[in-house]
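Reproduced below: protein_0.txt, with compact mmCIF, C-alpha atoms.
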```txt
# COMPACT_ATOMS: atom_id res chain seq x y z
CA MET A 77 62.69 21.20 -56.36
CA ASN A 78 61.02 24.62 -56.57
CA THR A 79 57.70 22.97 -57.29
CA HIS A 80 58.11 20.74 -54.25
CA ILE A 81 58.74 23.76 -51.95
CA ALA A 82 55.76 25.62 -53.34
CA LYS A 83 53.50 22.60 -52.67
CA THR A 84 54.77 22.32 -49.09
CA GLU A 85 54.09 26.00 -48.39
CA HIS A 86 50.67 25.73 -49.91
CA GLY A 87 49.95 22.88 -47.49
CA GLN A 88 50.03 25.11 -44.42
CA GLY A 89 46.40 25.65 -43.87
CA ALA A 90 43.51 26.00 -41.54
CA VAL A 91 45.05 24.21 -38.58
CA GLU A 92 47.91 26.64 -38.17
CA TYR A 93 45.70 29.67 -38.70
CA ALA A 94 43.13 28.32 -36.29
CA LEU A 95 45.82 27.76 -33.69
CA ILE A 96 47.15 31.28 -34.12
CA ALA A 97 43.65 32.74 -33.89
CA ALA A 98 42.90 30.69 -30.77
CA LEU A 99 46.16 31.73 -29.15
CA ILE A 100 45.49 35.39 -29.90
CA ALA A 101 41.99 35.08 -28.44
CA VAL A 102 43.32 33.40 -25.30
CA THR A 103 46.06 36.04 -24.97
CA VAL A 104 43.54 38.86 -25.27
CA ALA A 105 41.17 37.23 -22.80
CA LEU A 106 43.96 36.64 -20.29
CA SER A 107 45.23 40.20 -20.72
CA LEU A 108 41.75 41.60 -20.09
CA SER A 109 41.34 39.33 -17.10
CA ALA A 110 44.70 40.44 -15.70
CA THR A 111 43.62 44.08 -15.91
CA GLY A 112 40.28 43.35 -14.30
CA THR A 113 38.16 43.81 -17.41
CA SER A 114 35.71 41.14 -18.49
CA VAL A 115 35.35 40.11 -22.10
CA LYS A 116 31.70 41.09 -21.88
CA ASP A 117 32.62 44.60 -20.65
CA MET A 118 35.08 45.04 -23.51
CA PHE A 119 32.49 43.78 -25.98
CA CYS A 120 30.04 46.31 -24.63
CA ILE A 121 32.57 49.15 -24.88
CA VAL A 122 33.24 48.28 -28.51
CA ALA A 123 29.53 47.77 -29.26
CA SER A 124 28.67 51.12 -27.68
CA GLY A 125 31.40 52.80 -29.71
CA LEU A 126 29.84 51.36 -32.86
CA GLY A 127 26.38 52.55 -31.87
CA ALA A 128 25.01 49.09 -31.01
CA GLU A 129 24.27 49.59 -27.28
CA GLU A 130 21.25 47.32 -27.49
CA LEU A 131 23.56 44.32 -27.84
CA CYS A 132 24.79 44.91 -24.30
CA GLY A 133 21.57 45.87 -22.56
CA ASN A 134 20.28 43.97 -19.55
CA THR A 135 17.85 41.17 -20.20
CA VAL A 136 14.23 41.73 -19.25
CA ALA A 137 13.53 38.75 -17.01
CA PHE A 138 10.01 39.67 -16.07
CA SER A 139 7.43 42.35 -16.71
CA GLU A 140 3.95 42.95 -15.37
CA ASP A 141 1.50 45.59 -16.53
CA PHE A 142 -1.06 44.72 -13.83
CA SER A 143 -3.89 44.07 -16.24
CA ASP A 144 -4.90 41.42 -13.70
CA ILE A 145 -3.73 40.09 -10.38
CA SER A 146 -3.41 36.41 -11.29
CA ASP A 147 0.41 36.41 -11.22
CA CYS A 148 0.40 37.64 -7.65
CA GLU A 149 -0.01 36.01 -4.27
CA VAL A 150 -1.88 38.16 -1.76
CA ALA A 151 -0.18 37.42 1.55
CA TRP A 152 -2.34 39.73 3.63
CA GLY A 153 -4.69 42.70 3.24
CA ARG A 154 -6.72 43.85 0.28
CA TRP A 155 -5.31 44.35 -3.20
CA SER A 156 -7.14 45.08 -6.41
CA ILE A 157 -6.68 46.19 -9.99
CA LYS A 158 -7.99 49.71 -10.60
CA ASP A 159 -7.72 51.32 -14.04
CA GLY A 160 -5.03 48.85 -15.03
CA LYS A 161 -2.93 49.50 -11.93
CA LEU A 162 -2.26 47.50 -8.79
CA HIS A 163 -4.05 49.25 -5.95
CA GLY A 164 -2.95 48.77 -2.35
CA SER A 165 -5.18 49.99 0.40
CA ARG A 166 -4.56 50.54 4.12
CA TRP A 167 -2.64 47.40 5.07
CA GLY A 168 -1.38 44.52 3.02
CA GLY A 169 1.36 42.50 1.41
CA ILE A 170 1.44 41.02 -2.08
CA PHE A 171 4.14 39.07 -3.92
CA ASN A 172 4.82 38.12 -7.49
CA LYS A 173 4.70 34.35 -7.99
CA ASP A 174 6.66 34.13 -11.23
CA PHE A 175 10.07 35.58 -10.52
CA SER A 176 12.94 34.83 -8.19
CA GLY A 177 16.58 35.72 -8.73
CA GLU A 178 19.86 36.85 -7.24
CA ASP A 179 21.05 40.05 -8.94
CA TYR A 180 18.51 42.20 -10.72
CA THR A 181 17.10 45.66 -11.15
CA LEU A 182 13.43 46.08 -10.45
CA THR A 183 11.62 49.08 -11.83
CA VAL A 184 8.14 50.27 -10.96
CA GLY A 185 7.27 52.54 -13.84
CA SER A 186 4.75 54.47 -11.83
CA ALA A 187 3.99 54.57 -8.10
CA ASN A 188 1.53 57.13 -6.81
CA LEU A 189 0.90 57.46 -3.07
CA SER A 190 -2.34 59.39 -2.74
CA GLN A 191 -2.52 59.14 1.06
CA GLY A 192 -1.06 57.41 4.09
CA ASN A 193 2.28 56.75 5.66
CA GLY A 194 3.95 54.94 2.80
CA TYR A 195 4.62 51.73 0.95
CA GLY A 196 7.38 49.21 0.55
CA ILE A 197 8.83 47.18 -2.29
CA PHE A 198 10.16 43.76 -1.32
CA PHE A 199 13.20 42.27 -3.04
CA ARG A 200 15.06 39.00 -2.55
CA ALA A 201 11.95 37.94 -0.67
CA GLN A 202 10.95 34.37 0.17
CA ASP A 203 8.34 32.50 2.24
CA TYR A 204 5.53 34.88 1.51
CA ASP A 205 3.30 33.76 4.40
CA ARG A 206 5.98 34.87 6.84
CA PRO A 207 8.24 36.92 4.58
CA GLU A 208 12.01 36.88 4.73
CA GLY A 209 14.07 39.25 2.63
CA TYR A 210 14.58 42.96 2.09
CA ILE A 211 12.24 45.87 1.60
CA PHE A 212 12.74 49.39 0.28
CA GLN A 213 10.35 51.77 2.01
CA TYR A 214 9.01 55.00 0.57
CA ASP A 215 8.05 56.29 3.96
CA PRO A 216 6.64 59.79 4.60
CA GLY A 217 5.59 58.55 8.03
CA TRP A 218 9.14 57.87 9.25
CA GLY A 219 10.25 60.93 11.23
CA GLY A 220 8.96 63.49 8.75
CA GLY A 221 9.75 61.40 5.69
CA ALA A 222 12.51 58.98 4.76
CA PHE A 223 13.67 56.32 2.34
CA LEU A 224 14.87 53.22 4.10
CA PHE A 225 15.95 49.61 3.75
CA ARG A 226 14.85 46.96 6.22
CA LYS A 227 15.23 43.24 6.56
CA TRP A 228 12.31 40.96 7.23
CA VAL A 229 12.89 37.87 9.33
CA ASP A 230 10.19 35.21 9.58
CA GLY A 231 7.42 37.79 9.15
CA HIS A 232 9.00 40.37 11.48
CA GLU A 233 10.23 43.70 10.14
CA ILE A 234 13.63 44.51 11.57
CA HIS A 235 14.97 47.95 12.43
CA PRO A 236 16.17 49.70 9.23
CA PHE A 237 19.78 49.15 8.25
CA ALA A 238 19.79 52.26 6.06
CA VAL A 239 17.78 55.48 6.36
CA GLN A 240 17.85 58.65 4.29
CA ARG A 241 15.59 61.34 5.64
CA ASP A 242 14.02 63.85 3.24
CA SER A 243 11.35 66.03 4.80
CA ASP A 244 11.25 68.31 1.74
CA PHE A 245 10.33 65.57 -0.71
CA ASP A 246 6.87 65.78 -2.27
CA TRP A 247 5.64 62.41 -1.04
CA HIS A 248 1.97 62.41 -2.00
CA GLY A 249 -0.05 62.73 -5.19
CA GLU A 250 2.78 62.42 -7.70
CA ASP A 251 3.72 59.62 -10.07
CA HIS A 252 7.25 58.45 -9.35
CA GLU A 253 9.42 55.88 -11.04
CA ILE A 254 10.97 53.67 -8.37
CA GLN A 255 13.99 51.53 -9.10
CA VAL A 256 15.93 49.16 -6.85
CA LYS A 257 19.23 47.76 -8.05
CA VAL A 258 20.20 44.50 -6.35
CA GLU A 259 23.84 43.70 -7.00
CA GLY A 260 25.75 41.26 -4.76
CA ASP A 261 25.55 42.60 -1.22
CA THR A 262 24.79 46.15 -2.35
CA TYR A 263 21.36 47.67 -2.81
CA THR A 264 20.66 51.03 -4.40
CA ALA A 265 17.29 52.75 -4.65
CA TYR A 266 16.42 55.43 -7.18
CA VAL A 267 13.39 57.70 -7.37
CA ASP A 268 12.78 59.26 -10.79
CA GLY A 269 16.29 58.23 -11.79
CA GLU A 270 18.03 59.87 -8.82
CA GLU A 271 19.79 57.76 -6.22
CA VAL A 272 18.13 58.16 -2.83
CA LEU A 273 19.61 55.31 -0.81
CA ASN A 274 22.52 52.89 -0.94
CA ALA A 275 23.43 50.17 1.55
CA SER A 276 25.03 46.77 1.94
CA ASP A 277 23.98 43.60 3.71
CA SER A 278 24.70 39.93 3.08
CA THR A 279 21.86 38.14 4.86
CA TYR A 280 19.74 37.19 1.86
CA GLN A 281 21.14 36.08 -1.49
CA GLU A 282 18.08 35.54 -3.66
CA GLY A 283 14.33 35.86 -3.83
CA GLY A 284 11.38 37.51 -5.48
CA VAL A 285 9.60 40.85 -5.36
CA GLY A 286 6.44 42.22 -3.79
CA PHE A 287 4.69 45.24 -2.34
CA ARG A 288 3.52 46.27 1.10
CA VAL A 289 1.25 49.04 2.42
CA TRP A 290 0.40 50.17 5.96
CA ASP A 291 -1.21 52.95 7.97
CA ARG A 292 -4.19 53.96 5.81
CA THR A 293 -2.05 54.09 2.68
CA GLU A 294 -3.70 54.35 -0.72
CA VAL A 295 -1.26 53.70 -3.55
CA ASP A 296 -1.26 52.65 -7.21
CA PHE A 297 1.58 50.76 -8.85
CA ASP A 298 2.01 50.24 -12.57
CA ASP A 299 4.45 48.60 -14.99
CA LEU A 300 6.72 46.43 -12.89
CA SER A 301 9.72 45.16 -14.80
CA ILE A 302 12.79 43.22 -13.74
CA THR A 303 16.04 43.14 -15.67
CA THR A 304 18.98 40.85 -15.01
CA PRO A 305 22.60 41.50 -15.92
CA MET B 269 39.68 -32.78 34.97
CA PRO B 270 38.19 -34.44 38.09
CA LEU B 271 36.44 -37.70 37.55
CA ASP B 272 33.08 -36.24 38.71
CA SER B 273 33.19 -33.70 35.92
CA SER B 274 33.90 -36.24 33.22
CA PRO B 275 31.09 -36.91 30.71
CA SER B 276 29.05 -40.02 31.23
CA ILE B 277 29.31 -42.84 28.74
CA ASN B 278 25.58 -42.37 28.11
CA GLU B 279 26.26 -39.06 26.41
CA TYR B 280 28.06 -40.98 23.67
CA LYS B 281 25.52 -43.75 23.14
CA ASP B 282 24.45 -42.13 19.82
CA GLY B 283 27.96 -41.49 18.75
CA ILE B 284 30.28 -38.56 19.32
CA PRO B 285 28.26 -35.36 19.50
CA PRO B 286 29.29 -32.49 17.16
CA LYS B 287 32.26 -30.87 18.76
CA TYR B 288 31.48 -27.55 20.56
CA SER B 289 28.32 -26.99 18.44
CA SER B 290 26.04 -25.41 21.04
CA SER B 291 28.95 -23.60 22.61
CA SER B 292 30.04 -21.91 19.37
CA ARG B 293 26.48 -20.83 18.62
CA ARG B 294 26.27 -19.33 22.07
CA LYS B 295 29.57 -17.57 21.54
CA LYS B 296 28.40 -16.22 18.18
CA ARG B 297 25.20 -14.87 19.70
CA LEU B 298 27.23 -13.34 22.50
CA TRP B 299 29.52 -11.55 20.07
CA ILE B 300 26.56 -10.21 18.11
CA PHE B 301 25.10 -8.91 21.36
CA ILE B 302 28.43 -7.39 22.32
CA GLY B 303 28.70 -5.81 18.88
CA CYS B 304 25.22 -4.28 19.16
CA LEU B 305 26.01 -2.97 22.62
CA ALA B 306 29.27 -1.47 21.40
CA ALA B 307 27.47 0.25 18.51
CA LEU B 308 24.86 1.62 20.90
CA VAL B 309 27.55 2.85 23.27
CA LEU B 310 29.33 4.50 20.34
CA VAL B 311 26.17 6.28 19.19
CA LEU B 312 25.25 7.42 22.71
CA GLY B 313 28.82 8.47 23.38
CA THR B 314 28.89 10.56 20.20
CA VAL B 315 25.60 12.23 21.06
CA ASN B 316 26.84 13.02 24.57
CA PHE B 317 30.13 14.27 23.27
CA LEU B 318 28.48 16.60 20.79
CA GLN B 319 26.28 17.94 23.57
CA SER B 320 29.24 18.59 25.82
CA ASP B 321 31.33 21.76 25.92
CA VAL B 322 34.27 19.93 24.37
CA GLY B 323 32.01 18.67 21.60
CA ALA B 324 30.76 22.19 20.98
CA ILE B 325 34.35 23.31 20.50
CA VAL B 326 35.00 20.45 18.08
CA VAL B 327 31.93 21.22 15.97
CA ASN B 328 32.60 24.94 16.47
CA THR B 329 29.33 26.00 18.07
CA GLY B 330 28.47 27.92 21.18
CA THR B 331 25.52 29.16 23.17
CA VAL B 332 23.93 32.59 23.28
CA ALA B 333 21.85 33.77 26.21
CA GLY B 334 20.15 36.92 27.43
CA THR B 335 17.05 38.43 28.93
CA VAL B 336 14.58 40.43 26.84
CA VAL B 337 12.73 43.31 28.49
CA ASP B 338 10.51 46.06 27.14
CA GLU B 339 10.94 49.82 27.53
CA ASN B 340 9.57 49.57 31.07
CA GLY B 341 11.87 46.72 32.05
CA LYS B 342 9.14 44.07 31.90
CA PRO B 343 10.10 40.66 30.48
CA VAL B 344 9.13 39.96 26.88
CA GLU B 345 8.52 36.47 25.48
CA ALA B 346 10.34 37.39 22.29
CA GLN B 347 11.36 35.15 19.42
CA ILE B 348 15.08 34.86 18.87
CA TYR B 349 16.69 34.19 15.49
CA ILE B 350 20.30 33.72 14.50
CA LEU B 351 20.43 35.33 11.05
CA SER B 352 21.61 33.26 8.09
CA THR B 353 21.14 30.05 10.08
CA SER B 354 18.13 27.92 10.94
CA VAL B 355 18.87 28.30 14.66
CA LYS B 356 16.13 29.99 16.64
CA GLY B 357 14.49 29.97 20.05
CA ILE B 358 12.06 31.76 22.28
CA ALA B 359 12.39 33.67 25.52
CA ASN B 360 10.47 32.33 28.51
CA SER B 361 7.96 34.23 30.63
CA GLU B 362 10.84 35.86 32.47
CA GLY B 363 12.33 37.02 29.19
CA TYR B 364 15.27 34.65 29.50
CA PHE B 365 16.57 32.71 26.53
CA GLN B 366 19.47 30.34 26.01
CA ILE B 367 20.08 28.94 22.54
CA ASP B 368 22.60 26.17 21.84
CA SER B 369 24.29 25.09 18.61
CA VAL B 370 24.96 28.62 17.41
CA PRO B 371 27.85 28.64 14.92
CA ALA B 372 30.91 30.27 16.47
CA GLY B 373 32.05 33.66 15.20
CA ASN B 374 30.31 36.94 14.53
CA GLN B 375 26.57 36.41 14.35
CA ALA B 376 23.52 38.63 14.12
CA VAL B 377 20.93 37.87 16.79
CA VAL B 378 17.44 39.09 15.98
CA VAL B 379 15.05 39.70 18.85
CA ALA B 380 11.52 39.92 17.48
CA TYR B 381 8.13 40.44 19.02
CA ARG B 382 4.71 41.22 17.58
CA GLY B 383 5.87 41.81 14.04
CA SER B 384 8.96 43.89 14.61
CA GLY B 385 12.49 43.27 15.74
CA PHE B 386 15.98 44.45 16.46
CA GLU B 387 19.26 42.99 15.32
CA TYR B 388 22.16 42.68 17.76
CA PRO B 389 25.71 41.67 16.90
CA ALA B 390 27.16 38.85 18.99
CA ASN B 391 30.53 37.18 18.96
CA ILE B 392 29.84 33.52 19.72
CA ARG B 393 32.74 31.58 21.21
CA ALA B 394 32.88 27.83 20.61
CA GLY B 395 31.97 25.78 23.67
CA GLU B 396 31.05 28.85 25.73
CA ILE B 397 27.92 30.75 26.68
CA THR B 398 27.89 34.26 25.24
CA ASP B 399 25.66 36.31 27.53
CA LEU B 400 24.07 39.34 25.88
CA GLY B 401 22.77 40.46 29.27
CA GLU B 402 19.61 42.54 29.27
CA VAL B 403 18.31 43.04 25.75
CA ARG B 404 15.90 45.94 25.60
CA PHE B 405 13.17 45.38 23.04
CA VAL B 406 11.73 48.46 21.37
CA SER B 407 9.23 48.34 18.53
CA THR B 408 10.91 49.22 15.25
CA LEU B 409 7.75 50.39 13.54
CA GLU B 410 8.58 54.01 14.38
CA PRO B 411 11.95 55.78 14.40
CA HIS B 412 13.89 55.78 17.67
CA GLU B 413 16.85 58.02 18.20
```
Show how you would write the structure in this file as C-alpha cells.
Amino acid sequence: MNTHIAKTEHGQGAVEYALIAALIAVTVALSLSATGTSVKDMFCIVASGLGAEELCGNTVAFSEDFSDISDCEVAWGRWSIKDGKLHGSRWGGIFNKDFSGEDYTLTVGSANLSQGNGYGIFFRAQDYDRPEGYIFQYDPGWGGGAFLFRKWVDGHEIHPFAVQRDSDFDWHGEDHEIQVKVEGDTYTAYVDGEEVLNASDSTYQEGGVGFRVWDRTEVDFDDLSITTP
Amino acid sequence: MPLDSSPSINEYKDGIPPKYSSSSRRKKRLWIFIGCLAALVLVLGTVNFLQSDVGAIVVNTGTVAGTVVDENGKPVEAQIYILSTSVKGIANSEGYFQIDSVPAGNQAVVVAYRGSGFEYPANIRAGEITDLGEVRFVSTLEPHE
C-alpha cells in the first residue's frame, strides 16, 4: 500500500509543474498589464538593476557615415560629400532612400552650420519629389533665431506648428548633435542632449528622413543614425 | 375572337406551329432589355443620390468653400488640401474655391501657394457648404506675428 502511494506521488511530473509555471507567468503578466507596466519595461528595470542595460537598448535600424551619397536621393539643389561629411549648400533637399518607419529616434552626430539662415531635418517624410511629412528646423533666420517644427504638404512648407525662439544661441560655426524623437503623435527635438522643442500633431504616421537647406546656407552633417524602440 | 382575326387554314398546312415560340423569344428579349434598363437606372440613381445633399449626409461628407486673397486683398489661385485625406482643389482666378466630398467633422484645410501654406481648422457639416469666407494668404517663409 505504502509503495503504491509513493509511486503515485512520484508520477506527478512535468505537466503539473508546467501548468503552475504557465499560470504564474500569466498572472504576473496580467498584473503588470493591470498596473500599466509592460513586460518589456519590467524586464528592462530588472536588467538595468543587474547591470545589463544593453539588453534593453533601442535597436539601431539605420546608420549612415556619409562616406558617399549613393544611399540618398537628391530632390533638389546641390549636395556633395566633403571630408566624409554630407555638405549642403545654399538651397536643396535630400532624402535617405533606405529607411522608413513610424516611431524612431534620429540622431545627427554632428551638424555644423558655417553660414546662412539654417537647415532642416525631415522626418516621417514621403514623396520626395513633392515632400509630405515633418521637418525640424534649426533656424537662425527665423525672427532672430528659433527651433521649429513644420509640416510639408505636397511640396509646400506650412506655417510652423511649434516654435521656440532662442536669440542667444550660438547658431554658427559649432558642431552640434541634433536628435529628433518621433513617438506616436509627439515629437521632441534635442540639441547637444538638451530638449529644445516639443510638439504634437497627428497628420503623418510614418516616413523617412532627409535634410534641407535654404538662404545661402553652408552646412555639414555627419553620422546619421536611426534607432527604433 | 372575331372570325376575321382567326388564323387561316394555310398557316397550318405544315402542321401545328410551335406554340408561342416567337412570342416567348420576344418576351425574353424584352425582359432582358427591361433588366438592363433597370440596372442602368439603379446605377444612375445611385450616382445622383450620392451627389445630392441627402446623399452627402448619408455618406457623411460636406463641402468647403472660401475665397483666397493676398495681403493686399488680391485674389490668389491657391491650392487647397484637406489634410489626412486625398481631397484637394484649386482656387479660380477670383480666388474662389468650392471642394465637395470633404469628410464631415473637424478638418484641417491647407491653403498653399508658391511653396508655402497656412493651415485653417474647419468644421465640415455633412450635406452642407461650410464657408470659410475670405482666407488671407500670407507667405509662411518668414515669421508673422
Selection: 9 Å around stretch 369-379 of chain B, only C-alpha atoms, excl. self and same-chain fewer than 4 positions, as JSON, numbers by chain | {"A": [229, 234], "B": [319, 324, 325, 327, 328, 329, 330, 331, 332, 336, 346, 347, 348, 349, 350, 351, 352, 353, 355, 356, 384, 385, 386, 387, 388, 389, 390, 391, 392, 393, 394, 395, 403, 405]}
What lies within 8 Å of A:Ala201 using only C-alpha atoms, ignoring chain neighbours under 6 positions off, as JSON, numbers by chain?
-> {"A": [207, 208, 209, 210, 282, 283, 284, 285, 286]}
Go through B:Gly383, B:Pro275, B:Gly313, B:Pro343 and flag the residue nearest chain A, using only C-alpha atoms for the distances.
-> B:Gly383
Which chain A residues are at most 9 Å from chain B (counting all atoms listed in the file), as a PDB file with C-alpha atoms, keeping the file's coordinate frame?
```
ATOM      1  CA  GLY A 217       5.590  58.550   8.030  1.00  0.00           C
ATOM      2  CA  TRP A 218       9.140  57.870   9.250  1.00  0.00           C
ATOM      3  CA  GLY A 219      10.250  60.930  11.230  1.00  0.00           C
ATOM      4  CA  TRP A 228      12.310  40.960   7.230  1.00  0.00           C
ATOM      5  CA  VAL A 229      12.890  37.870   9.330  1.00  0.00           C
ATOM      6  CA  ASP A 230      10.190  35.210   9.580  1.00  0.00           C
ATOM      7  CA  GLY A 231       7.420  37.790   9.150  1.00  0.00           C
ATOM      8  CA  HIS A 232       9.000  40.370  11.480  1.00  0.00           C
ATOM      9  CA  GLU A 233      10.230  43.700  10.140  1.00  0.00           C
ATOM     10  CA  ILE A 234      13.630  44.510  11.570  1.00  0.00           C
ATOM     11  CA  HIS A 235      14.970  47.950  12.430  1.00  0.00           C
ATOM     12  CA  PRO A 236      16.170  49.700   9.230  1.00  0.00           C
ATOM     13  CA  SER A 278      24.700  39.930   3.080  1.00  0.00           C
ATOM     14  CA  THR A 279      21.860  38.140   4.860  1.00  0.00           C
ATOM     15  CA  TYR A 280      19.740  37.190   1.860  1.00  0.00           C
TER      16      TYR A 280
END
```
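Among the candidates A:Ser109, A:Gln281, A:Gln202, A:Asn193, the residue lying nearest to A:Ala222 is A:Asn193 (atoms considered: all atoms listed in the file).
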To one decimal place, how far is atom CA of A:Arg288 from atom CA of A:Asn172 in Å?
->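 For atom CA of A:Arg288 relative to atom CA of A:Asn172, the distance reads 11.9 Å.
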One decimal, Å: what's the distance from atom CA of A:Ser165 over to atom CA of A:Arg226, could you say?
->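 Pair atom CA of A:Ser165 / atom CA of A:Arg226 returns 21.1 Å.
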Axis-aligned box for all listed atoms of stretch 253-260 of chain A, 4 Å per side, centre and edges in Å to one decimal, as AutoDock Vina command-line options:
```
--center_x 17.6 --center_y 48.6 --center_z -7.9 --size_x 24.3 --size_y 22.6 --size_z 14.3
```
Just give me the gap between atom CA of A:Met118 and atom CA of A:Asp179 in Å, one decimal is fine.
->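 Rounded to one decimal, the two atoms are 20.8 Å apart.
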I'd like the neighbourhood of A:Asn134 as a PDB file with C-alpha atoms, keeping the file's coordinate frame, where a residue qualifies if any of its atoms comes within 7 Å (using all atoms listed in the file), though same-chain residues fewer than 4 positions away should be ignored.
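Result file follows (result_1.pdb):
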```
ATOM      1  CA  THR A 303      16.040  43.140 -15.670  1.00  0.00           C
ATOM      2  CA  THR A 304      18.980  40.850 -15.010  1.00  0.00           C
ATOM      3  CA  PRO A 305      22.600  41.500 -15.920  1.00  0.00           C
TER       4      PRO A 305
END
```
